[in-house]
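Colleague: my_file.txt is reproduced below (compact mmCIF, C-alpha atoms and all ligand atoms).
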```
# COMPACT_ATOMS: atom_id res chain seq x y z
CA MET A 1084 0.00 0.00 0.00
CA ILE A 1085 1.21 3.48 -0.64
CA GLY A 1086 0.32 5.47 2.39
CA LEU A 1087 -0.26 9.09 3.02
CA THR A 1088 -0.92 7.77 6.48
CA ILE A 1089 -1.46 4.27 7.66
CA LEU A 1090 -4.87 2.84 8.19
CA THR A 1091 -4.96 0.60 11.21
CA ALA A 1092 -7.24 -2.36 11.63
CA ALA A 1093 -8.78 -0.71 14.65
CA LEU A 1094 -9.69 2.43 12.77
CA SER A 1095 -11.15 0.42 9.98
CA ALA A 1096 -13.44 -1.27 12.48
CA VAL A 1097 -14.57 2.10 13.80
CA PHE A 1098 -15.19 3.44 10.28
CA SER A 1099 -17.31 0.56 9.17
CA ILE A 1100 -20.07 1.41 11.60
CA ALA A 1101 -20.59 4.90 10.10
CA ALA A 1102 -24.05 4.79 8.63
CA PRO A 1103 -24.89 5.90 5.11
CA SER A 1104 -27.41 8.69 5.12
CA ALA A 1105 -31.08 8.01 4.73
CA GLY A 1106 -33.22 10.79 3.36
CA SER A 1107 -30.61 13.51 3.53
CA PRO A 1108 -26.89 13.55 2.87
CA GLU A 1109 -24.20 13.84 5.48
CA LYS A 1110 -22.81 17.26 6.31
CA ALA A 1111 -19.62 18.30 4.54
CA SER A 1112 -16.48 18.77 6.59
CA TYR A 1113 -13.71 21.18 5.73
CA ASP A 1114 -11.51 20.29 8.65
CA GLU A 1115 -8.16 18.84 7.53
CA ALA A 1116 -7.38 17.93 11.13
CA ALA A 1117 -10.48 15.77 11.27
CA ILE A 1118 -9.43 13.60 8.30
CA LYS A 1119 -9.23 10.03 9.52
CA PRO A 1120 -5.99 8.23 8.73
CA TYR A 1121 -6.28 6.42 5.44
CA SER A 1122 -4.13 4.62 2.98
CA LEU A 1123 -4.62 4.60 -0.75
CA PRO A 1124 -4.93 1.44 -2.82
CA ASP A 1125 -1.62 0.83 -4.56
CA PRO A 1126 -1.96 1.28 -8.33
CA LEU A 1127 1.07 -0.94 -8.74
CA LEU A 1128 -0.23 -3.98 -6.88
CA THR A 1129 -2.46 -6.43 -8.73
CA LEU A 1130 -5.64 -7.77 -7.17
CA SER A 1131 -3.81 -11.01 -6.55
CA GLY A 1132 -1.22 -9.06 -4.57
CA ARG A 1133 1.63 -9.10 -7.05
CA PRO A 1134 3.73 -5.98 -7.51
CA VAL A 1135 3.75 -4.38 -10.94
CA ARG A 1136 7.27 -3.56 -11.99
CA THR A 1137 7.03 -3.27 -15.74
CA VAL A 1138 5.03 -1.18 -18.20
CA ARG A 1139 3.90 -4.40 -19.83
CA ARG A 1140 2.42 -5.73 -16.62
CA TRP A 1141 0.77 -2.40 -15.89
CA ALA A 1142 -0.74 -2.19 -19.37
CA ARG A 1143 -1.80 -5.81 -19.70
CA ARG A 1144 -2.79 -6.71 -16.19
CA ARG A 1145 -3.15 -3.90 -13.69
CA ARG A 1146 -4.62 -1.14 -15.83
CA PRO A 1147 -7.52 -3.33 -17.00
CA GLU A 1148 -8.21 -4.29 -13.39
CA ILE A 1149 -8.50 -0.66 -12.33
CA LEU A 1150 -10.55 0.26 -15.37
CA GLU A 1151 -12.92 -2.58 -14.64
CA GLN A 1152 -13.34 -1.50 -11.02
CA PHE A 1153 -14.17 2.07 -11.97
CA THR A 1154 -16.60 0.78 -14.56
CA ARG A 1155 -18.41 -1.62 -12.28
CA GLU A 1156 -18.40 0.38 -9.06
CA MET A 1157 -18.67 3.97 -10.19
CA PHE A 1158 -19.35 5.08 -13.76
CA GLY A 1159 -21.20 2.02 -15.02
CA GLU A 1160 -20.76 0.08 -18.22
CA SER A 1161 -20.99 2.12 -21.41
CA PRO A 1162 -22.02 0.63 -24.74
CA LYS A 1163 -19.44 0.26 -27.46
CA LEU A 1164 -19.14 3.14 -29.88
CA PRO A 1165 -21.44 2.67 -32.87
CA ARG A 1166 -19.94 0.95 -35.89
CA ARG A 1167 -21.25 3.58 -38.21
CA THR A 1168 -21.49 7.17 -37.14
CA LEU A 1169 -23.13 9.76 -39.33
CA PHE A 1170 -21.65 13.21 -39.63
CA HIS A 1171 -23.46 16.03 -41.30
CA VAL A 1172 -21.97 19.50 -41.63
CA LEU A 1173 -24.81 21.82 -40.75
CA GLU A 1174 -22.91 25.03 -41.16
CA GLU A 1175 -19.42 26.10 -42.08
CA SER A 1176 -17.59 29.40 -42.50
CA SER A 1177 -13.93 30.24 -42.94
CA SER A 1178 -14.44 33.79 -41.77
CA ALA A 1179 -15.20 33.17 -38.13
CA LEU A 1180 -13.63 35.13 -35.27
CA GLY A 1181 -12.50 37.98 -37.48
CA SER A 1182 -11.44 35.50 -40.20
CA LYS A 1183 -8.88 33.97 -37.88
CA ALA A 1184 -10.79 30.71 -37.70
CA THR A 1185 -13.00 28.31 -39.56
CA ARG A 1186 -16.21 27.42 -37.78
CA ARG A 1187 -17.97 24.14 -38.37
CA GLN A 1188 -21.16 22.88 -36.79
CA VAL A 1189 -21.51 19.18 -37.32
CA SER A 1190 -24.44 17.04 -36.43
CA ILE A 1191 -23.40 13.59 -35.18
CA SER A 1192 -25.68 10.58 -35.03
CA PHE A 1193 -25.35 6.88 -35.67
CA ASP A 1194 -26.71 3.98 -37.62
CA GLY A 1195 -29.63 6.09 -38.73
CA GLU A 1196 -31.15 5.37 -35.33
CA TRP A 1197 -30.57 8.56 -33.50
CA THR A 1198 -32.39 11.41 -35.10
CA ASP A 1199 -31.96 13.55 -32.03
CA SER A 1200 -28.25 14.03 -32.72
CA LEU A 1201 -25.68 16.17 -30.96
CA VAL A 1202 -24.16 19.25 -32.54
CA LEU A 1203 -20.41 19.61 -32.32
CA LEU A 1204 -19.13 23.18 -32.66
CA ILE A 1205 -15.55 23.41 -33.91
CA TYR A 1206 -13.25 26.35 -34.48
CA THR A 1207 -9.96 25.65 -36.26
CA PRO A 1208 -7.25 28.25 -36.79
CA ASN A 1209 -6.89 29.51 -40.36
CA GLY A 1210 -3.59 29.66 -42.18
CA LEU A 1211 -1.82 26.72 -40.54
CA ASP A 1212 0.36 24.49 -42.70
CA GLU A 1213 -0.69 21.41 -40.79
CA PRO A 1214 -3.80 20.06 -39.12
CA ALA A 1215 -4.24 21.62 -35.69
CA PRO A 1216 -4.09 19.99 -32.28
CA CYS A 1217 -7.46 20.34 -30.62
CA PHE A 1218 -9.11 20.79 -27.23
CA LEU A 1219 -12.37 18.89 -26.91
CA GLY A 1220 -14.79 19.41 -24.03
CA VAL A 1221 -18.46 19.36 -23.15
CA ASN A 1222 -20.19 22.65 -22.36
CA PHE A 1223 -22.84 23.26 -19.69
CA TRP A 1224 -25.37 25.56 -21.27
CA GLY A 1225 -25.37 25.03 -25.03
CA ASN A 1226 -22.92 25.84 -27.81
CA TRP A 1227 -24.46 29.28 -28.26
CA THR A 1228 -23.28 30.30 -24.78
CA VAL A 1229 -19.56 29.79 -25.47
CA SER A 1230 -19.27 32.88 -27.70
CA THR A 1231 -21.30 35.84 -28.89
CA ASP A 1232 -20.70 34.61 -32.47
CA PRO A 1233 -24.22 35.03 -33.86
CA ALA A 1234 -23.85 32.06 -36.22
CA ILE A 1235 -23.71 29.48 -33.44
CA LEU A 1236 -26.85 27.39 -33.53
CA LYS A 1237 -29.03 27.55 -30.47
CA PRO A 1238 -30.23 24.29 -28.91
CA SER A 1239 -33.94 23.69 -29.21
CA ALA A 1240 -36.18 24.96 -26.43
CA ALA A 1241 -36.81 21.35 -25.43
CA ARG A 1242 -33.11 20.72 -25.05
CA LEU A 1243 -32.68 23.77 -22.85
CA GLN A 1244 -35.59 22.87 -20.66
CA GLY A 1245 -34.89 23.05 -16.96
CA TYR A 1246 -31.47 24.57 -17.39
CA GLY A 1247 -32.01 28.12 -16.23
CA THR A 1248 -30.03 28.29 -13.00
CA LYS A 1249 -28.79 30.99 -10.72
CA GLN A 1250 -25.19 30.46 -11.89
CA ILE A 1251 -25.59 31.22 -15.56
CA ARG A 1252 -28.71 32.15 -17.42
CA PRO A 1253 -28.32 30.38 -20.72
CA ASP A 1254 -28.05 33.11 -23.31
CA ARG A 1255 -25.82 33.80 -26.29
CA GLY A 1256 -22.27 34.26 -25.02
CA ALA A 1257 -23.28 33.74 -21.37
CA SER A 1258 -20.34 31.43 -20.62
CA GLN A 1259 -17.79 33.05 -22.94
CA SER A 1260 -15.41 33.77 -20.06
CA ARG A 1261 -14.93 30.00 -19.85
CA TRP A 1262 -14.13 29.74 -23.56
CA PRO A 1263 -11.37 32.15 -24.64
CA LEU A 1264 -11.72 31.11 -28.27
CA GLU A 1265 -9.54 33.89 -29.73
CA GLU A 1266 -6.71 33.04 -27.36
CA ILE A 1267 -6.90 29.33 -28.13
CA ILE A 1268 -7.02 29.95 -31.88
CA SER A 1269 -4.18 32.46 -31.78
CA ARG A 1270 -2.01 29.85 -30.10
CA GLY A 1271 -2.59 27.48 -33.01
CA TYR A 1272 -5.16 25.16 -31.44
CA ALA A 1273 -8.59 24.11 -32.53
CA VAL A 1274 -11.38 23.85 -29.99
CA ALA A 1275 -14.48 21.69 -30.18
CA THR A 1276 -17.45 21.42 -27.87
CA PHE A 1277 -20.99 20.09 -27.53
CA TYR A 1278 -23.78 20.72 -25.10
CA ARG A 1279 -24.21 18.16 -22.30
CA GLY A 1280 -27.99 18.13 -22.88
CA ASP A 1281 -27.39 16.85 -26.42
CA ILE A 1282 -26.14 13.54 -25.03
CA ASP A 1283 -27.94 13.32 -21.75
CA PRO A 1284 -30.00 15.98 -20.00
CA ASP A 1285 -28.58 16.56 -16.56
CA PHE A 1286 -31.47 15.51 -14.39
CA ASP A 1287 -32.79 12.27 -13.03
CA ASP A 1288 -35.66 11.00 -15.16
CA GLY A 1289 -34.91 7.30 -14.75
CA PHE A 1290 -32.68 7.33 -17.85
CA LYS A 1291 -35.46 7.71 -20.34
CA ASN A 1292 -34.13 10.78 -22.10
CA GLY A 1293 -30.89 11.40 -23.99
CA VAL A 1294 -28.69 8.69 -25.34
CA HIS A 1295 -29.71 6.29 -22.56
CA GLY A 1296 -33.22 6.32 -23.92
CA VAL A 1297 -31.92 5.35 -27.35
CA LEU A 1298 -29.20 2.83 -26.55
CA ASP A 1299 -30.70 1.13 -23.51
CA LYS A 1300 -34.08 0.54 -25.11
CA GLY A 1301 -35.54 -2.75 -23.97
CA LYS A 1302 -32.74 -3.42 -21.49
CA GLU A 1303 -33.27 -3.71 -17.75
CA ARG A 1304 -31.03 -1.38 -15.80
CA ASP A 1305 -28.90 -2.96 -13.10
CA ALA A 1306 -26.38 -1.77 -10.52
CA GLU A 1307 -23.67 -1.52 -13.18
CA SER A 1308 -25.63 0.34 -15.83
CA TRP A 1309 -24.03 3.54 -17.02
CA GLY A 1310 -24.89 6.88 -15.56
CA THR A 1311 -24.93 10.37 -17.00
CA VAL A 1312 -21.22 11.12 -16.54
CA ALA A 1313 -20.39 7.95 -18.48
CA ALA A 1314 -22.85 9.02 -21.18
CA TRP A 1315 -21.18 12.43 -21.57
CA ALA A 1316 -17.78 10.72 -21.74
CA TRP A 1317 -19.17 8.38 -24.39
CA GLY A 1318 -20.32 11.46 -26.31
CA LEU A 1319 -16.78 12.85 -26.22
CA ARG A 1320 -15.52 9.61 -27.71
CA LEU A 1321 -18.15 9.80 -30.41
CA CYS A 1322 -16.95 13.31 -31.25
CA LEU A 1323 -13.41 12.00 -31.48
CA ASP A 1324 -14.64 9.63 -34.19
CA TYR A 1325 -15.64 12.72 -36.11
CA LEU A 1326 -12.51 14.74 -35.32
CA GLU A 1327 -10.41 11.88 -36.68
CA LYS A 1328 -12.04 12.53 -40.03
CA ASP A 1329 -11.85 16.32 -39.99
CA PRO A 1330 -8.94 17.26 -42.28
CA ASP A 1331 -8.18 20.39 -40.26
CA ILE A 1332 -7.62 18.48 -37.00
CA ASP A 1333 -4.59 16.45 -36.04
CA GLU A 1334 -6.40 13.36 -34.79
CA GLY A 1335 -3.41 12.18 -32.75
CA LYS A 1336 -3.39 15.43 -30.79
CA VAL A 1337 -6.80 15.81 -29.24
CA ALA A 1338 -6.79 16.89 -25.59
CA VAL A 1339 -9.95 16.12 -23.65
CA PHE A 1340 -10.80 18.65 -20.98
CA GLY A 1341 -13.66 19.67 -18.75
CA HIS A 1342 -14.70 21.77 -15.81
CA SER A 1343 -16.37 20.45 -12.69
CA ARG A 1344 -18.87 17.64 -13.48
CA LEU A 1345 -17.53 17.86 -17.00
CA GLY A 1346 -14.00 17.53 -15.58
CA LYS A 1347 -15.06 14.22 -14.02
CA THR A 1348 -16.37 13.42 -17.50
CA ALA A 1349 -13.07 14.32 -19.17
CA LEU A 1350 -11.16 12.07 -16.78
CA TRP A 1351 -13.44 9.16 -17.55
CA ALA A 1352 -13.27 9.81 -21.29
CA GLY A 1353 -9.48 9.84 -21.09
CA ALA A 1354 -9.51 6.62 -19.08
CA THR A 1355 -11.82 4.78 -21.44
CA ASP A 1356 -10.33 6.02 -24.70
CA ARG A 1357 -6.62 6.10 -25.18
CA ARG A 1358 -6.96 7.98 -28.44
CA PHE A 1359 -7.14 11.15 -26.34
CA ALA A 1360 -3.61 12.49 -26.34
CA MET A 1361 -3.93 14.59 -23.18
CA VAL A 1362 -6.33 14.78 -20.25
CA ILE A 1363 -7.23 17.98 -18.39
CA SER A 1364 -9.35 18.21 -15.26
CA ASN A 1365 -10.46 21.65 -14.11
CA CYS A 1366 -11.97 21.81 -10.60
CA SER A 1367 -13.36 18.29 -11.03
CA GLY A 1368 -13.55 17.67 -7.27
CA CYS A 1369 -15.41 14.77 -5.71
CA SER A 1370 -15.53 11.73 -7.98
CA GLY A 1371 -13.15 13.58 -10.29
CA ALA A 1372 -9.58 14.27 -9.28
CA ALA A 1373 -10.11 14.62 -5.50
CA ILE A 1374 -9.13 11.76 -3.22
CA SER A 1375 -12.42 10.38 -1.89
CA ARG A 1376 -10.98 9.01 1.33
CA ARG A 1377 -10.16 12.52 2.53
CA ARG A 1378 -13.89 13.25 2.81
CA ILE A 1379 -13.32 17.01 2.57
CA GLY A 1380 -16.07 19.10 1.01
CA GLU A 1381 -18.37 17.05 -1.21
CA THR A 1382 -18.39 13.32 -0.39
CA VAL A 1383 -19.63 10.22 -2.18
CA ASP A 1384 -22.76 10.29 -0.04
CA ILE A 1385 -23.50 13.90 -0.91
CA ILE A 1386 -22.85 13.53 -4.62
CA ASN A 1387 -25.01 10.42 -4.90
CA TYR A 1388 -27.78 12.15 -3.02
CA LYS A 1389 -27.70 15.36 -5.07
CA PHE A 1390 -27.02 13.75 -8.41
CA PRO A 1391 -28.45 10.21 -8.33
CA HIS A 1392 -28.14 9.94 -12.11
CA TRP A 1393 -24.42 10.70 -12.47
CA PHE A 1394 -23.01 7.32 -11.49
CA CYS A 1395 -24.08 3.69 -11.43
CA THR A 1396 -26.11 2.38 -8.52
CA ASN A 1397 -23.17 0.37 -7.18
CA TYR A 1398 -21.44 3.63 -6.30
CA ARG A 1399 -23.99 4.16 -3.53
CA LYS A 1400 -22.44 1.27 -1.61
CA TYR A 1401 -19.69 3.71 -0.74
CA ASN A 1402 -21.90 6.43 0.72
CA CYS A 1403 -20.08 7.36 3.95
CA ARG A 1404 -17.82 4.36 3.35
CA GLU A 1405 -15.12 5.67 1.05
CA TRP A 1406 -12.56 3.42 2.73
CA ASP A 1407 -14.35 0.45 1.18
CA LEU A 1408 -13.80 1.71 -2.36
CA PRO A 1409 -11.54 -0.70 -4.24
CA PHE A 1410 -9.85 2.34 -5.82
CA ASP A 1411 -9.38 6.01 -5.19
CA GLU A 1412 -9.26 8.89 -7.62
CA HIS A 1413 -5.46 8.83 -8.00
CA GLU A 1414 -6.08 5.67 -10.00
CA LEU A 1415 -8.45 7.54 -12.32
CA ILE A 1416 -5.50 9.84 -13.01
CA ALA A 1417 -3.21 6.82 -13.39
CA LEU A 1418 -5.48 5.51 -16.15
CA ALA A 1419 -4.32 8.50 -18.21
CA ALA A 1420 -0.70 7.32 -18.05
CA PRO A 1421 1.59 7.71 -19.85
CA ARG A 1422 -0.27 10.55 -21.55
CA PRO A 1423 0.20 14.10 -20.29
CA VAL A 1424 -2.33 14.90 -17.57
CA TYR A 1425 -3.13 18.26 -16.00
CA VAL A 1426 -5.18 18.89 -12.86
CA ALA A 1427 -6.23 22.37 -11.79
CA SER A 1428 -7.95 23.66 -8.67
CA ALA A 1429 -9.19 27.01 -7.39
CA SER A 1430 -8.26 28.46 -4.02
CA GLU A 1431 -11.84 29.13 -2.89
CA ASP A 1432 -13.22 25.88 -4.26
CA ASN A 1433 -13.20 24.01 -0.97
CA TRP A 1434 -16.24 21.99 -2.01
CA ALA A 1435 -13.98 20.31 -4.60
CA ASP A 1436 -11.10 19.80 -2.13
CA PRO A 1437 -8.15 21.40 -3.96
CA LYS A 1438 -5.58 19.57 -1.85
CA GLY A 1439 -7.25 16.25 -2.57
CA GLU A 1440 -7.17 17.07 -6.29
CA TYR A 1441 -3.43 17.67 -6.09
CA LEU A 1442 -2.78 14.53 -4.04
CA SER A 1443 -4.26 12.39 -6.79
CA LEU A 1444 -1.36 13.38 -8.97
CA VAL A 1445 1.03 12.34 -6.22
CA GLY A 1446 -0.78 9.01 -5.95
CA ALA A 1447 -0.63 8.46 -9.72
CA SER A 1448 3.04 9.38 -9.99
CA PRO A 1449 4.39 5.83 -9.43
CA VAL A 1450 2.59 4.76 -12.61
CA TYR A 1451 4.17 7.59 -14.58
CA ALA A 1452 7.51 6.67 -12.99
CA LEU A 1453 7.12 3.19 -14.43
CA TYR A 1454 7.13 4.83 -17.85
CA GLY A 1455 10.21 6.81 -16.89
CA TYR A 1456 8.46 10.09 -16.25
CA GLU A 1457 8.94 12.27 -13.26
CA GLY A 1458 5.81 13.07 -11.27
CA PHE A 1459 4.84 14.79 -8.05
CA THR A 1460 6.28 13.45 -4.82
CA SER A 1461 5.64 16.25 -2.35
CA TYR A 1462 2.46 15.99 -0.30
CA VAL A 1463 2.46 19.77 -0.02
CA PRO A 1464 0.68 21.40 -2.96
CA PRO A 1465 2.32 24.36 -4.67
CA GLY A 1466 1.27 27.88 -3.70
CA ILE A 1467 -1.55 29.81 -5.34
CA GLU A 1468 -0.81 30.57 -8.99
CA GLN A 1469 2.52 28.79 -8.91
CA PRO A 1470 1.96 26.21 -11.63
CA VAL A 1471 4.18 23.15 -11.62
CA VAL A 1472 4.97 20.68 -14.34
CA ALA A 1473 6.90 17.50 -13.65
CA GLY A 1474 7.43 15.01 -16.42
CA ARG A 1475 4.02 14.61 -18.01
CA MET A 1476 2.00 16.01 -15.13
CA GLY A 1477 0.88 19.54 -14.50
CA TYR A 1478 -0.94 21.24 -11.64
CA HIS A 1479 -1.93 24.69 -10.51
CA ILE A 1480 -4.28 26.28 -8.06
CA ARG A 1481 -5.80 29.48 -9.35
CA ARG A 1482 -6.84 32.28 -7.01
CA GLY A 1483 -10.60 32.47 -6.84
CA LYS A 1484 -13.74 30.47 -7.07
CA HIS A 1485 -14.98 27.31 -8.73
CA ASP A 1486 -14.73 28.20 -12.42
CA ILE A 1487 -12.60 27.86 -15.52
CA ALA A 1488 -10.91 31.13 -16.29
CA LEU A 1489 -8.39 32.57 -18.72
CA TYR A 1490 -5.65 31.89 -16.17
CA ASP A 1491 -6.46 28.16 -16.35
CA TRP A 1492 -6.56 28.16 -20.13
CA LEU A 1493 -3.18 29.87 -20.41
CA ARG A 1494 -1.66 27.10 -18.30
CA TYR A 1495 -3.34 24.41 -20.43
CA LEU A 1496 -2.06 26.07 -23.59
CA ASP A 1497 1.48 26.21 -22.19
CA PHE A 1498 1.21 22.58 -21.15
CA ALA A 1499 -0.14 21.58 -24.56
CA ASP A 1500 2.71 23.48 -26.24
CA ARG A 1501 5.10 21.02 -24.62
CA PHE A 1502 3.36 17.89 -25.78
CA LEU A 1503 1.03 18.58 -28.68
CA LYS A 1504 3.15 20.89 -30.83
C1 LIG A 1601 -21.75 20.75 -7.88
C2 LIG A 1601 -21.35 19.35 -7.60
C3 LIG A 1601 -19.90 19.14 -7.96
C4 LIG A 1601 -19.54 19.77 -9.29
C5 LIG A 1601 -20.35 21.00 -9.63
C6 LIG A 1601 -20.43 21.39 -11.09
O1 LIG A 1601 -23.02 21.06 -7.47
O2 LIG A 1601 -21.56 19.09 -6.25
O3 LIG A 1601 -19.57 17.77 -7.91
O4 LIG A 1601 -19.60 18.84 -10.30
O5 LIG A 1601 -21.66 20.92 -9.25
O6 LIG A 1601 -20.43 20.57 -11.98
O7 LIG A 1601 -20.53 22.58 -11.32
```
Using structure tokens, write down the structure that the file contains.
Modeller:
Amino acid sequence: MIGLTILTAALSAVFSIAAPSAGSPEKASYDEAAIKPYSLPDPLLTLSGRPVRTVRRWARRRRPEILEQFTREMFGESPKLPRRTLFHVLEESSSALGSKATRRQVSISFDGEWTDSLVLLIYTPNGLDEPAPCFLGVNFWGNWTVSTDPAILKPSAARLQGYGTKQIRPDRGASQSRWPLEEIISRGYAVATFYRGDIDPDFDDGFKNGVHGVLDKGKERDAESWGTVAAWAWGLRLCLDYLEKDPDIDEGKVAVFGHSRLGKTALWAGATDRRFAMVISNCSGCSGAAISRRRIGETVDIINYKFPHWFCTNYRKYNCREWDLPFDEHELIALAAPRPVYVASASEDNWADPKGEYLSLVGASPVYALYGYEGFTSYVPPGIEQPVVAGRMGYHIRRGKHDIALYDWLRYLDFADRFLK
């Protein structure tokens, strides 16, 4: 076991009597001093207890074990990607963003079955000699919110239903601060995004709507059936099928990224699809990059209570019992290895447990070391706005609240410059 601290048998006995909540979730704690000693599952120890000392053994034996555990106990089993995906360019213009970019809006569906397709919005830089590396991520409020560009198609009223929240009122350009398109384009990158509601609306309707309603038709759901986060991740993979065919995109250089619940999504997409060349998690927090056993801020119990549709039913076994998880989130990071991985936090985002997000990188570092890459070994996170890169890992904590801001993007662009250029 790799230990931040050592879990004793006695403590484990005490923990196991903590009761999962009934009716309301447990109360969040922000008290570092109150964290119970824990030890993280060792990513380099097979289930049969054998140490993993080679890349081959990691790739052939241990990685599939971890992937299987996350699938079965947390995200649920996703269907295979369709054999035949249909792409239809709805709109295209080479004079977007002051003629610096080409904009494409592509409808993606499959096997003629899914008429209710998703719309991928893509901006690629003009005037490059080669296909561009690309950032791909899901957006919260619809493609039309990522920019004031009047040509961006607006999701249908039905798709937007129920999405008016206090945080952002969906409106053209409403989330543009999260999408510095000009900056990304000027640095020579393409950027592609789709609306989460196009794949699966973000509320619990018993999995009747979205892609679940199409692909799960006639199937009984069980404790391992996929949840909404897995569906969004599946949607990202579907988009990658398209990006591989887009002549303006370098298909070997697609970075998957996401903020918050969509950061959890990006991590799972990166884990389940090794075609993604880089994985970026922005403020992904509980069930994303943050170590669950720390139980700081949002916990498994709270997330399952508030968002019963995000994960598979098995995940509820770990409500208030994170120490029983067969994995922890450092292993979700390890599933990205040996690809470059970046985790970012925000100083006021205690709900997401910034320190726990950083510690996942430390916990995943032995796997990167197996590939010969340096990682993070210090248990003390770097200071605010002091980004660090070691080997193929990057981390920063931005000053401010739960968000994705220009500061974050500039770090991702710098990181991508190292590996995708
Ligand atoms: C919160 C949730 C977090 C995070 C966030 C978001 O309400 O508790 O896990 O995902 O939403 O996605 O903005």
Colleague: Could you state the separation of atom CA of Leu1323 of chain A and atom CA of Phe1170 of chain A in Å, given to one decimal place?
Modeller: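 One can read the atom CA of Leu1323 of chain A to atom CA of Phe1170 of chain A distance as 11.7 Å.
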Colleague: Residues near segment 1215-1222 of chain A, anyone? I mean within 9 Å using only C-alpha atoms, not counting same-chain ones fewer than 6 positions away, as a ChimeraX atom specification.
Modeller: /A:1205,1207-1208,1228-1229,1258,1267,1271-1279,1315-1316,1318-1319,1322-1323,1326,1331-1342,1345-1346,1348-1349,1499,1503-1504
Colleague: Which centre and which edge lengths, in Å to one decimal, describe the axis-aligned box that holds all listed atoms of segment 1402-1419 of chain A after 6 Å is added on each side, as AutoDock Vina command-line options?
Modeller:
```
--center_x -12.6 --center_y 4.6 --center_z -7.1 --size_x 30.7 --size_y 22.5 --size_z 34.2
```
Colleague: Please find the residues contacting ligand LIG 1601 (chain A) at a distance of at most 8 Å between atoms, with all atoms listed in the file counted, and report them as a list in words.
Modeller: His1342, Ser1343, Arg1344, Leu1345, Gly1346, Lys1347, Cys1366, Ser1367, Gly1368, Cys1369, Ser1370, Glu1381, Ile1385, Ile1386, Lys1389, Phe1390, Trp1434, Ala1435 and His1485 of chain A
Colleague: Using all atoms listed in the file and a cutoff of 12 Å, can you tell me which residues are near (-14.2, 36.7, -38.1) in the file's coordinates, and write them out as a list in words?
Modeller: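 Those residues lying close to the given coordinates are Ser1176, Ser1177, Ser1178, Ala1179, Leu1180, Gly1181, Ser1182, Lys1183, Ala1184, Thr1185, Arg1186, Tyr1206, Thr1207, Pro1208, Asn1209, Thr1231, Asp1232, Pro1233, Ala1234, Leu1264, Glu1265 and Ile1268 of chain A.
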Colleague: For Asp1288 of chain A, which of A:Arg1133, A:His1392, A:Arg1155, A:Arg1143 is the closest residue, counting all atoms listed in the file?
Modeller: A:His1392
Colleague: Compute the distance from (-31.0, 6.3, -28.4) to each atom, counting only C-alpha atoms, keep the residues with any atom at most 12 Å away, and return them as JSON, numbers by chain; use the coordinates of the file.
Modeller: {"A": [1162, 1165, 1192, 1193, 1194, 1195, 1196, 1197, 1198, 1199, 1200, 1201, 1281, 1282, 1283, 1290, 1291, 1292, 1293, 1294, 1295, 1296, 1297, 1298, 1299, 1300, 1301, 1314]}
Colleague: Since we have the selection now, will you write its residues out, keeping C-alpha atoms, as a compact mmCIF listing (two decimals), in the frame of the given file?
Modeller:
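Saved result, selection_13.txt, follows:
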```
# COMPACT_ATOMS: atom_id res chain seq x y z
CA PRO A 1162 -22.02 0.63 -24.74
CA PRO A 1165 -21.44 2.67 -32.87
CA SER A 1192 -25.68 10.58 -35.03
CA PHE A 1193 -25.35 6.88 -35.67
CA ASP A 1194 -26.71 3.98 -37.62
CA GLY A 1195 -29.63 6.09 -38.73
CA GLU A 1196 -31.15 5.37 -35.33
CA TRP A 1197 -30.57 8.56 -33.50
CA THR A 1198 -32.39 11.41 -35.10
CA ASP A 1199 -31.96 13.55 -32.03
CA SER A 1200 -28.25 14.03 -32.72
CA LEU A 1201 -25.68 16.17 -30.96
CA ASP A 1281 -27.39 16.85 -26.42
CA ILE A 1282 -26.14 13.54 -25.03
CA ASP A 1283 -27.94 13.32 -21.75
CA PHE A 1290 -32.68 7.33 -17.85
CA LYS A 1291 -35.46 7.71 -20.34
CA ASN A 1292 -34.13 10.78 -22.10
CA GLY A 1293 -30.89 11.40 -23.99
CA VAL A 1294 -28.69 8.69 -25.34
CA HIS A 1295 -29.71 6.29 -22.56
CA GLY A 1296 -33.22 6.32 -23.92
CA VAL A 1297 -31.92 5.35 -27.35
CA LEU A 1298 -29.20 2.83 -26.55
CA ASP A 1299 -30.70 1.13 -23.51
CA LYS A 1300 -34.08 0.54 -25.11
CA GLY A 1301 -35.54 -2.75 -23.97
CA ALA A 1314 -22.85 9.02 -21.18
```
Colleague: Atom CA of Glu1412 of chain A and atom CA of Ser1375 of chain A, how far apart in Å?
Modeller: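 Separation between atom CA of Ser1375 of chain A and atom CA of Glu1412 of chain A: 6.7 Å.
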Colleague: Could you state the separation of atom CA of Ser1428 of chain A and atom CA of Lys1484 of chain A in Å, given to one decimal place?
Modeller: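 About the pair atom CA of Ser1428 of chain A and atom CA of Lys1484 of chain A: they are 9.1 Å apart.
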Colleague: Of the candidates A:Ala1420, A:Val1312, A:Glu1174, A:Arg1136, which shows the shortest atom-to-atom distance to Ala1352 of chain A, using all atoms listed in the file?
Modeller: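 Ranked by minimum distance to Ala1352 of chain A, first place goes to A:Val1312.
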Colleague: Return the single residue from A:Lys1110, A:Arg1139, A:Arg1475, A:Lys1163 that is closest to Glu1457 of chain A, with distances computed using only C-alpha atoms.
Modeller: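 That would be A:Arg1475, the residue with the smallest distance to Glu1457 of chain A.
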Colleague: Ranking A:Glu1109, A:Trp1309, A:Arg1270, A:Trp1393 by minimum distance to Asp1500 of chain A and counting only C-alpha atoms, which one comes first?
Modeller: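 Answer, going by the shortest atom-to-atom distance: A:Arg1270.
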